$ cat input19.cif   # mmCIF, C-alpha atoms
data_structure
#
loop_
_atom_site.group_PDB
_atom_site.id
_atom_site.type_symbol
_atom_site.label_atom_id
_atom_site.label_comp_id
_atom_site.auth_asym_id
_atom_site.auth_seq_id
_atom_site.Cartn_x
_atom_site.Cartn_y
_atom_site.Cartn_z
ATOM 1 C CA MET A 1352 3.170 -16.520 -7.058
ATOM 2 C CA PHE A 1353 6.377 -15.325 -5.450
ATOM 3 C CA THR A 1354 8.444 -15.768 -2.323
ATOM 4 C CA SER A 1355 9.038 -12.524 -0.486
ATOM 5 C CA GLN A 1356 12.550 -11.230 0.178
ATOM 6 C CA PRO A 1357 13.554 -8.403 2.520
ATOM 7 C CA ILE A 1358 14.980 -5.291 0.873
ATOM 8 C CA GLY A 1359 15.930 -4.039 4.343
ATOM 9 C CA PHE A 1360 14.789 -3.848 7.944
ATOM 10 C CA VAL A 1361 13.032 -1.301 10.136
ATOM 11 C CA SER A 1362 14.828 0.259 13.078
ATOM 12 C CA SER A 1363 12.048 1.212 15.507
ATOM 13 C CA PRO A 1364 11.747 2.120 19.187
ATOM 14 C CA TYR A 1365 9.026 -0.533 19.501
ATOM 15 C CA LYS A 1366 10.461 -3.886 20.565
ATOM 16 C CA GLU A 1367 7.205 -5.639 21.476
ATOM 17 C CA THR A 1368 3.720 -5.605 19.949
ATOM 18 C CA GLY A 1369 2.196 -4.167 23.143
ATOM 19 C CA GLU A 1370 4.308 -1.004 22.810
ATOM 20 C CA VAL A 1371 2.795 0.086 19.485
ATOM 21 C CA PRO A 1372 -0.048 2.604 19.996
ATOM 22 C CA ARG A 1373 -3.318 1.022 18.850
ATOM 23 C CA GLY A 1374 -6.998 1.801 18.656
ATOM 24 C CA LEU A 1375 -8.965 4.994 18.138
ATOM 25 C CA GLY A 1376 -6.897 8.145 18.113
ATOM 26 C CA ALA A 1377 -3.602 6.262 18.261
ATOM 27 C CA LYS A 1378 -0.785 8.578 17.203
ATOM 28 C CA HIS A 1379 2.051 7.298 15.058
ATOM 29 C CA ASP A 1380 4.640 10.025 15.165
ATOM 30 C CA VAL A 1381 7.771 8.315 16.407
ATOM 31 C CA ASP A 1382 10.962 8.387 14.397
ATOM 32 C CA GLY A 1383 12.688 5.349 13.011
ATOM 33 C CA ARG A 1384 14.943 4.241 10.226
ATOM 34 C CA LEU A 1385 14.481 2.159 7.113
ATOM 35 C CA LYS A 1386 17.812 0.371 6.724
ATOM 36 C CA ILE A 1387 17.980 -0.757 3.124
ATOM 37 C CA LEU A 1388 20.366 -3.585 2.234
ATOM 38 C CA PRO A 1389 23.434 -2.434 0.256
ATOM 39 C CA GLN A 1390 22.504 -4.445 -2.827
ATOM 40 C CA PHE A 1391 19.245 -2.469 -3.143
ATOM 41 C CA GLU A 1392 20.616 1.029 -2.383
ATOM 42 C CA ALA A 1393 20.623 2.102 -6.047
ATOM 43 C CA GLY A 1394 16.837 1.686 -5.991
ATOM 44 C CA LEU A 1395 16.641 4.692 -3.628
ATOM 45 C CA THR A 1396 17.937 7.108 -6.286
ATOM 46 C CA ASP A 1397 15.904 10.365 -6.206
ATOM 47 C CA ILE A 1398 13.755 9.234 -3.302
ATOM 48 C CA GLU A 1399 14.899 12.316 -1.347
ATOM 49 C CA GLY A 1400 12.475 14.478 -3.310
ATOM 50 C CA PHE A 1401 9.391 12.868 -1.809
ATOM 51 C CA SER A 1402 7.973 14.075 1.483
ATOM 52 C CA HIS A 1403 6.063 10.869 2.181
ATOM 53 C CA LEU A 1404 6.634 7.214 1.405
ATOM 54 C CA ILE A 1405 4.478 4.122 1.529
ATOM 55 C CA VAL A 1406 6.291 1.250 3.175
ATOM 56 C CA LEU A 1407 5.171 -2.334 2.612
ATOM 57 C CA TRP A 1408 6.524 -4.730 5.183
ATOM 58 C CA GLU A 1409 6.005 -8.201 6.568
ATOM 59 C CA PHE A 1410 4.052 -9.049 9.696
ATOM 60 C CA ASP A 1411 6.859 -11.447 10.600
ATOM 61 C CA ARG A 1412 5.677 -11.985 14.172
ATOM 62 C CA SER A 1413 2.073 -12.921 13.365
ATOM 63 C CA GLN A 1414 1.061 -16.507 12.660
ATOM 64 C CA GLY A 1415 -1.763 -17.443 10.313
ATOM 65 C CA PHE A 1416 -4.823 -15.411 9.431
ATOM 66 C CA GLN A 1417 -8.301 -14.716 10.792
ATOM 67 C CA LEU A 1418 -11.055 -13.662 8.371
ATOM 68 C CA LEU A 1419 -13.027 -12.022 11.197
ATOM 69 C CA GLY A 1420 -11.517 -10.228 14.123
ATOM 70 C CA MET A 1421 -12.053 -7.595 16.763
ATOM 71 C CA PRO A 1422 -9.859 -4.573 16.091
ATOM 72 C CA PRO A 1423 -8.496 -2.539 19.027
ATOM 73 C CA SER A 1424 -10.624 0.391 17.868
ATOM 74 C CA ASP A 1425 -13.999 -1.357 18.277
ATOM 75 C CA ASN A 1426 -15.836 -3.942 20.339
ATOM 76 C CA ARG A 1427 -17.369 -5.598 17.277
ATOM 77 C CA GLN A 1428 -15.957 -8.007 14.745
ATOM 78 C CA HIS A 1429 -15.088 -6.936 11.223
ATOM 79 C CA GLY A 1430 -13.638 -8.652 8.158
ATOM 80 C CA VAL A 1431 -9.875 -8.692 7.874
ATOM 81 C CA PHE A 1432 -10.021 -6.757 4.574
ATOM 82 C CA ALA A 1433 -11.964 -3.973 6.324
ATOM 83 C CA THR A 1434 -9.264 -3.659 9.022
ATOM 84 C CA ARG A 1435 -5.515 -3.336 9.382
ATOM 85 C CA SER A 1436 -5.289 -6.613 11.340
ATOM 86 C CA PRO A 1437 -1.906 -8.393 11.257
ATOM 87 C CA TYR A 1438 -3.602 -11.780 10.714
ATOM 88 C CA ARG A 1439 -3.948 -11.597 6.933
ATOM 89 C CA PRO A 1440 -3.794 -14.292 4.206
ATOM 90 C CA ASN A 1441 -0.719 -12.500 2.861
ATOM 91 C CA PRO A 1442 1.017 -10.996 5.910
ATOM 92 C CA ILE A 1443 1.735 -7.610 4.336
ATOM 93 C CA GLY A 1444 1.605 -4.440 6.430
ATOM 94 C CA MET A 1445 1.475 -0.923 5.033
ATOM 95 C CA THR A 1446 2.573 2.301 6.692
ATOM 96 C CA THR A 1447 2.775 5.845 5.346
ATOM 97 C CA VAL A 1448 5.814 7.646 6.745
ATOM 98 C CA GLU A 1449 7.264 11.110 6.382
ATOM 99 C CA LEU A 1450 10.780 11.091 4.952
ATOM 100 C CA LEU A 1451 12.997 13.268 7.154
ATOM 101 C CA ARG A 1452 16.299 12.634 5.396
ATOM 102 C CA ARG A 1453 18.360 10.063 3.596
ATOM 103 C CA GLU A 1454 21.832 8.959 4.630
ATOM 104 C CA GLY A 1455 23.088 6.533 2.011
ATOM 105 C CA ALA A 1456 21.054 3.355 2.387
ATOM 106 C CA ASN A 1457 19.330 4.653 5.541
ATOM 107 C CA LEU A 1458 16.060 6.545 5.390
ATOM 108 C CA HIS A 1459 15.215 8.505 8.527
ATOM 109 C CA VAL A 1460 11.440 8.611 8.741
ATOM 110 C CA ARG A 1461 8.648 9.755 11.036
ATOM 111 C CA GLY A 1462 5.517 7.768 11.760
ATOM 112 C CA VAL A 1463 6.720 4.199 12.191
ATOM 113 C CA ASP A 1464 4.304 1.696 13.715
ATOM 114 C CA MET A 1465 6.371 -1.370 12.925
ATOM 115 C CA LEU A 1466 8.348 -3.436 15.396
ATOM 116 C CA ASP A 1467 12.110 -3.213 15.487
ATOM 117 C CA GLY A 1468 13.652 -5.585 12.952
ATOM 118 C CA THR A 1469 10.558 -5.821 10.735
ATOM 119 C CA PRO A 1470 11.484 -6.929 7.183
ATOM 120 C CA ILE A 1471 10.751 -4.308 4.530
ATOM 121 C CA LEU A 1472 9.270 -5.596 1.262
ATOM 122 C CA ASP A 1473 8.869 -2.444 -0.788
ATOM 123 C CA ILE A 1474 8.881 1.350 -0.726
ATOM 124 C CA LYS A 1475 6.712 3.434 -3.012
ATOM 125 C CA PRO A 1476 6.480 7.209 -3.377
ATOM 126 C CA TYR A 1477 3.279 8.737 -1.986
ATOM 127 C CA LEU A 1478 1.926 10.570 -5.012
ATOM 128 C CA SER A 1479 -1.584 11.772 -4.313
ATOM 129 C CA SER A 1480 -4.366 11.779 -1.753
ATOM 130 C CA ILE A 1481 -8.095 11.233 -1.859
ATOM 131 C CA PRO A 1482 -9.537 14.473 -0.434
ATOM 132 C CA GLN A 1483 -10.662 13.888 3.146
ATOM 133 C CA GLU A 1484 -14.188 15.099 2.346
ATOM 134 C CA ARG A 1485 -14.627 12.314 -0.215
ATOM 135 C CA LEU A 1486 -13.698 9.529 2.206
ATOM 136 C CA ARG A 1487 -16.241 7.340 3.961
ATOM 137 C CA ARG A 1488 -14.754 5.206 6.705
ATOM 138 C CA GLY A 1489 -17.554 2.793 7.594
ATOM 139 C CA TRP A 1490 -17.344 0.947 10.912
ATOM 140 C CA LEU A 1491 -14.380 3.027 12.020
ATOM 141 C CA ALA A 1492 -16.306 6.296 11.775
ATOM 142 C CA GLU A 1493 -19.198 4.622 13.617
ATOM 143 C CA ALA A 1494 -16.903 3.394 16.401
ATOM 144 C CA GLU A 1495 -15.454 6.901 16.742
ATOM 145 C CA ALA A 1496 -18.948 8.380 16.912
ATOM 146 C CA ARG A 1497 -20.032 5.907 19.597
ATOM 147 C CA ARG A 1498 -17.043 6.819 21.742
ATOM 148 C CA LYS A 1499 -17.884 10.526 21.757
ATOM 149 C CA MET B 417 9.589 -14.829 4.649
ATOM 150 C CA PHE B 418 6.360 -15.995 3.019
ATOM 151 C CA THR B 419 5.003 -17.334 -0.249
ATOM 152 C CA SER B 420 2.219 -15.200 -1.671
ATOM 153 C CA GLN B 421 -1.222 -16.630 -2.346
ATOM 154 C CA PRO B 422 -4.037 -15.012 -4.341
ATOM 155 C CA ILE B 423 -7.128 -14.026 -2.377
ATOM 156 C CA GLY B 424 -8.862 -13.333 -5.698
ATOM 157 C CA PHE B 425 -8.367 -11.936 -9.179
ATOM 158 C CA VAL B 426 -8.987 -8.624 -10.934
ATOM 159 C CA SER B 427 -11.520 -8.372 -13.716
ATOM 160 C CA SER B 428 -10.325 -5.444 -15.840
ATOM 161 C CA PRO B 429 -10.934 -4.110 -19.350
ATOM 162 C CA TYR B 430 -7.147 -4.047 -19.866
ATOM 163 C CA LYS B 431 -5.920 -7.269 -21.442
ATOM 164 C CA GLU B 432 -2.414 -6.115 -22.397
ATOM 165 C CA THR B 433 0.152 -3.895 -20.693
ATOM 166 C CA GLY B 434 0.065 -1.408 -23.565
ATOM 167 C CA GLU B 435 -3.617 -0.663 -22.947
ATOM 168 C CA VAL B 436 -3.101 0.713 -19.420
ATOM 169 C CA PRO B 437 -2.831 4.520 -19.446
ATOM 170 C CA ARG B 438 0.671 5.526 -18.332
ATOM 171 C CA GLY B 439 2.759 8.605 -17.857
ATOM 172 C CA LEU B 440 1.986 12.166 -16.807
ATOM 173 C CA GLY B 441 -1.655 12.947 -16.482
ATOM 174 C CA ALA B 442 -2.758 9.353 -17.049
ATOM 175 C CA LYS B 443 -6.315 8.918 -15.815
ATOM 176 C CA HIS B 444 -7.341 5.750 -14.031
ATOM 177 C CA ASP B 445 -11.102 5.890 -13.902
ATOM 178 C CA VAL B 446 -12.232 2.687 -15.545
ATOM 179 C CA ASP B 447 -14.447 0.244 -13.727
ATOM 180 C CA GLY B 448 -13.496 -3.294 -12.842
ATOM 181 C CA ARG B 449 -14.210 -6.014 -10.370
ATOM 182 C CA LEU B 450 -12.263 -7.589 -7.556
ATOM 183 C CA LYS B 451 -13.392 -11.211 -7.584
ATOM 184 C CA ILE B 452 -12.540 -12.607 -4.175
ATOM 185 C CA LEU B 453 -12.267 -16.383 -3.799
ATOM 186 C CA PRO B 454 -15.166 -17.961 -1.854
ATOM 187 C CA GLN B 455 -12.934 -19.148 0.983
ATOM 188 C CA PHE B 456 -11.937 -15.528 1.733
ATOM 189 C CA GLU B 457 -15.368 -13.898 1.381
ATOM 190 C CA ALA B 458 -15.929 -13.636 5.150
ATOM 191 C CA GLY B 459 -12.935 -11.284 5.242
ATOM 192 C CA LEU B 460 -15.007 -8.718 3.307
ATOM 193 C CA THR B 461 -17.477 -8.266 6.183
ATOM 194 C CA ASP B 462 -18.267 -4.550 6.660
ATOM 195 C CA ILE B 463 -16.107 -3.455 3.752
ATOM 196 C CA GLU B 464 -19.192 -1.804 2.173
ATOM 197 C CA GLY B 465 -18.825 1.146 4.528
ATOM 198 C CA PHE B 466 -15.587 2.346 2.982
ATOM 199 C CA SER B 467 -15.583 4.611 -0.039
ATOM 200 C CA HIS B 468 -12.020 3.779 -1.051
ATOM 201 C CA LEU B 469 -9.854 0.686 -0.799
ATOM 202 C CA ILE B 470 -6.172 0.007 -1.206
ATOM 203 C CA VAL B 471 -5.557 -3.057 -3.314
ATOM 204 C CA LEU B 472 -2.231 -4.888 -3.177
ATOM 205 C CA TRP B 473 -1.672 -7.197 -6.109
ATOM 206 C CA GLU B 474 1.022 -9.097 -7.908
ATOM 207 C CA PHE B 475 2.850 -7.929 -11.025
ATOM 208 C CA ASP B 476 2.466 -11.443 -12.379
ATOM 209 C CA ARG B 477 3.473 -10.545 -15.919
ATOM 210 C CA SER B 478 6.766 -8.810 -15.057
ATOM 211 C CA GLN B 479 10.018 -10.731 -14.777
ATOM 212 C CA GLY B 480 12.825 -9.763 -12.399
ATOM 213 C CA PHE B 481 13.654 -6.298 -11.100
ATOM 214 C CA GLN B 482 15.575 -3.207 -12.188
ATOM 215 C CA LEU B 483 16.951 -0.881 -9.513
ATOM 216 C CA LEU B 484 17.085 2.023 -11.984
ATOM 217 C CA GLY B 485 14.602 2.642 -14.724
ATOM 218 C CA MET B 486 13.002 5.224 -16.950
ATOM 219 C CA PRO B 487 9.369 5.745 -16.002
ATOM 220 C CA PRO B 488 6.805 6.620 -18.700
ATOM 221 C CA SER B 489 6.373 10.029 -17.038
ATOM 222 C CA ASP B 490 9.973 11.199 -17.494
ATOM 223 C CA ASN B 491 12.985 10.925 -19.794
ATOM 224 C CA ARG B 492 15.409 10.405 -16.910
ATOM 225 C CA GLN B 493 16.221 7.373 -14.788
ATOM 226 C CA HIS B 494 15.033 7.061 -11.209
ATOM 227 C CA GLY B 495 15.360 4.445 -8.483
ATOM 228 C CA VAL B 496 12.698 1.746 -8.410
ATOM 229 C CA PHE B 497 11.629 2.781 -4.888
ATOM 230 C CA ALA B 498 11.001 6.326 -6.133
ATOM 231 C CA THR B 499 8.711 5.050 -8.899
ATOM 232 C CA ARG B 500 5.758 2.719 -9.437
ATOM 233 C CA SER B 501 7.766 0.513 -11.823
ATOM 234 C CA PRO B 502 6.584 -3.117 -12.153
ATOM 235 C CA TYR B 503 10.182 -4.402 -11.973
ATOM 236 C CA ARG B 504 10.505 -4.535 -8.168
ATOM 237 C CA PRO B 505 12.422 -6.922 -5.863
ATOM 238 C CA ASN B 506 9.030 -7.962 -4.452
ATOM 239 C CA PRO B 507 6.574 -7.699 -7.369
ATOM 240 C CA ILE B 508 3.796 -6.002 -5.398
ATOM 241 C CA GLY B 509 1.595 -3.378 -7.023
ATOM 242 C CA MET B 510 -0.695 -1.004 -5.181
ATOM 243 C CA THR B 511 -3.819 0.732 -6.458
ATOM 244 C CA THR B 512 -6.337 2.937 -4.672
ATOM 245 C CA VAL B 513 -9.843 2.279 -5.977
ATOM 246 C CA GLU B 514 -13.267 3.659 -5.241
ATOM 247 C CA LEU B 515 -15.697 1.023 -4.017
ATOM 248 C CA LEU B 516 -18.917 1.321 -6.028
ATOM 249 C CA ARG B 517 -20.779 -1.652 -4.535
ATOM 250 C CA ARG B 518 -20.360 -5.137 -3.213
ATOM 251 C CA GLU B 519 -22.140 -8.203 -4.581
ATOM 252 C CA GLY B 520 -21.209 -11.127 -2.373
ATOM 253 C CA ALA B 521 -17.581 -11.927 -3.064
ATOM 254 C CA ASN B 522 -17.405 -9.391 -5.912
ATOM 255 C CA LEU B 523 -16.353 -5.812 -5.348
ATOM 256 C CA HIS B 524 -17.276 -3.409 -8.128
ATOM 257 C CA VAL B 525 -14.649 -0.690 -8.138
ATOM 258 C CA ARG B 526 -13.567 2.363 -10.116
ATOM 259 C CA GLY B 527 -9.980 3.230 -10.900
ATOM 260 C CA VAL B 528 -8.389 -0.070 -11.878
ATOM 261 C CA ASP B 529 -5.004 0.055 -13.580
ATOM 262 C CA MET B 530 -4.313 -3.666 -13.326
ATOM 263 C CA LEU B 531 -4.439 -6.178 -16.150
ATOM 264 C CA ASP B 532 -7.312 -8.616 -16.406
ATOM 265 C CA GLY B 533 -6.612 -11.689 -14.288
ATOM 266 C CA THR B 534 -4.113 -10.017 -11.969
ATOM 267 C CA PRO B 535 -3.819 -11.916 -8.649
ATOM 268 C CA ILE B 536 -4.970 -9.900 -5.638
ATOM 269 C CA LEU B 537 -2.838 -10.224 -2.496
ATOM 270 C CA ASP B 538 -4.636 -7.990 -0.024
ATOM 271 C CA ILE B 539 -7.275 -5.306 0.413
ATOM 272 C CA LYS B 540 -7.043 -2.628 3.084
ATOM 273 C CA PRO B 541 -9.478 0.158 3.942
ATOM 274 C CA TYR B 542 -8.328 3.648 2.941
ATOM 275 C CA LEU B 543 -8.460 5.464 6.265
ATOM 276 C CA SER B 544 -6.797 8.849 5.933
ATOM 277 C CA SER B 545 -4.937 11.116 3.552
ATOM 278 C CA ILE B 546 -1.879 13.297 3.785
ATOM 279 C CA PRO B 547 -3.169 16.777 2.904
ATOM 280 C CA GLN B 548 -2.151 17.648 -0.650
ATOM 281 C CA GLU B 549 -0.413 20.839 0.482
ATOM 282 C CA ARG B 550 1.987 18.815 2.641
ATOM 283 C CA LEU B 551 3.101 16.543 -0.183
ATOM 284 C CA ARG B 552 6.360 16.986 -2.050
ATOM 285 C CA ARG B 553 6.617 14.809 -5.141
ATOM 286 C CA GLY B 554 10.268 15.156 -6.191
ATOM 287 C CA TRP B 555 11.208 14.147 -9.720
ATOM 288 C CA LEU B 556 7.565 13.719 -10.705
ATOM 289 C CA ALA B 557 6.693 17.339 -9.925
ATOM 290 C CA GLU B 558 9.828 18.388 -11.817
ATOM 291 C CA ALA B 559 8.858 16.301 -14.842
ATOM 292 C CA GLU B 560 5.385 17.823 -14.796
ATOM 293 C CA ALA B 561 6.841 21.342 -14.584
ATOM 294 C CA ARG B 562 9.198 20.679 -17.525
ATOM 295 C CA ARG B 563 6.308 19.550 -19.680
ATOM 296 C CA LYS B 564 4.342 22.759 -19.163
#

$ encode --input "input19.cif" --output "structure tokens"
Amino acid sequence: MFTSQPIGFVSSPYKETGEVPRGLGAKHDVDGRLKILPQFEAGLTDIEGFSHLIVLWEFDRSQGFQLLGMPPSDNRQHGVFATRSPYRPNPIGMTTVELLRREGANLHVRGVDMLDGTPILDIKPYLSSIPQERLRRGWLAEAEARRK
Amino acid sequence: MFTSQPIGFVSSPYKETGEVPRGLGAKHDVDGRLKILPQFEAGLTDIEGFSHLIVLWEFDRSQGFQLLGMPPSDNRQHGVFATRSPYRPNPIGMTTVELLRREGANLHVRGVDMLDGTPILDIKPYLSSIPQERLRRGWLAEAEARRK
């Protein structure tokens, strides 16, 4: 296995966990920056052409993992692999962001839900989508339906 | 930072890197299994309700990283963070699969592009898509256009 290393850090308006919108209908449309370390800047070559990026990052302020947990979007427990819980065996978070512009080693993006200073592990181009009509979303769709 | 640990392993028909379809128009529609370790099985609770899953896994047969590389889909170099290259600072791969059915700690899935025995790091539910018409795909769209 491997030991993770940051390729950069997130600059985000959210300083504390409680400030990040959570639960059903939470909107993630705030702007932030992905500040890539100088030694990795060459890896950003041609990234400007992509409208959306997938950011993998570390839940560096969560301790340990819980296999079952109550997500903010429901009042029932679900398995960690059926949720986006921060308490995961490998503490890896994933966020899709819109790339607004690149300035050298800084990527200005929209849609951050990470805390300020979060270590970035990887960036991948967003290449294709599963059509919305083909998606089933299990307990989350049920929780949304119950709230209506 | 953290040291990765496998939550399970991929069972795939691909035994060697050369067998995995690559490049423009490559289809990933073969079936495989995500064999989750017994101690993590509780984390799968309610995962059956999701049609698609995002699998994070380790490029355990790639050594080191290359910030610039030539992807199989183009004859030009691009930055590692603008490609799905296996030679990444953190060797994390990502694959979206369709969940066919669950049998205990085994998830039968369609769309594997991992090698047999690949360590699985995380599974997340696929919750929403960026509409295809909003996506720009940079060098990849250009490479596709040049091939036509």

$ closest_atom_pairs --input "input19.cif" --of "chain A" --to "chain B" --cutoff "7 Å" --atoms "only C-alpha atoms" --output "CSV"
residue,atom,partner,partner_atom,distance
A:Met1352,CA,B:Ser420,CA,5.6
A:Phe1353,CA,B:Ser420,CA,5.6
A:Thr1354,CA,B:Thr419,CA,4.3
A:Ser1355,CA,B:Phe418,CA,5.6
A:Gln1356,CA,B:Met417,CA,6.5
A:Phe1391,CA,B:Leu483,CA,7.0
A:Ala1393,CA,B:Leu483,CA,5.9
A:Gly1394,CA,B:Gly495,CA,4.0
A:Leu1395,CA,B:Gly495,CA,5.0
A:Thr1396,CA,B:Gly495,CA,4.3
A:Asp1397,CA,B:His494,CA,6.1
A:Ile1398,CA,B:Ala498,CA,4.9
A:Gly1400,CA,B:Gly554,CA,3.7
A:Phe1401,CA,B:Arg553,CA,4.8
A:Ser1402,CA,B:Arg552,CA,4.9
A:His1403,CA,B:Leu551,CA,6.8
A:Leu1418,CA,B:Gly459,CA,4.4
A:Leu1419,CA,B:Gly459,CA,6.0
A:His1429,CA,B:Thr461,CA,5.7
A:Gly1430,CA,B:Gly459,CA,4.0
A:Val1431,CA,B:Gly459,CA,4.8
A:Phe1432,CA,B:Ile539,CA,5.2
A:Ala1433,CA,B:Ile463,CA,4.9
A:Thr1434,CA,B:Pro541,CA,6.4
A:Arg1435,CA,B:Lys540,CA,6.5
A:Asn1441,CA,B:Ser420,CA,6.0
A:Leu1472,CA,B:Asn506,CA,6.2
A:Asp1473,CA,B:Asn506,CA,6.6
A:Ile1474,CA,B:Phe497,CA,5.2
A:Lys1475,CA,B:Phe497,CA,5.3
A:Pro1476,CA,B:Ala498,CA,5.4
A:Leu1478,CA,B:Arg553,CA,6.3
A:Ser1479,CA,B:Gln548,CA,6.9
A:Ser1480,CA,B:Ser545,CA,5.4
A:Ile1481,CA,B:Ser545,CA,6.3
A:Pro1482,CA,B:Ser545,CA,7.0
A:Gln1483,CA,B:Ser545,CA,6.4
A:Leu1486,CA,B:Ser467,CA,5.7
A:Arg1487,CA,B:Ser467,CA,4.9
A:Arg1488,CA,B:Phe466,CA,4.8
A:Gly1489,CA,B:Gly465,CA,3.7
A:Trp1490,CA,B:Gly465,CA,6.6

$ residues_around --input "input19.cif" --residues "region 435-437 of chain B" --least-positions-apart "6" --cutoff "10 Å" --atoms "all atoms listed in the file" --output "list in words"
Pro429, Lys443, His444, Pro488, Val528, Asp529, Met530 and Leu531 of chain B

$ atom_distance --input "input19.cif" --atom1 "CA of Asp1380 (chain A)" --atom2 "CA of Arg1412 (chain A)"
22.1 Å

$ resolve_selection --input "input19.cif" --expression "the PyMOL selection byres ((chain A and resi 1366) around 6)" --output "list in words"
Tyr1365, Glu1367, Leu1466 and Asp1467 of chain A

$ resolve_selection --input "input19.cif" --expression "the PyMOL selection byres ((chain B and resi 533) around 6)" --output "VMD selection string"
chain B and resid 425 to 427 532 534

$ resolve_selection --input "input19.cif" --expression "the PyMOL selection byres ((chain A and resi 1386) around 7)" --output "PyMOL selection string"
chain A and resi 1359-1361+1384-1385+1387-1388+1456-1458

$ atom_distance --input "input19.cif" --atom1 "CA of Met486 (chain B)" --atom2 "CA of Val1448 (chain A)"
24.9 Å
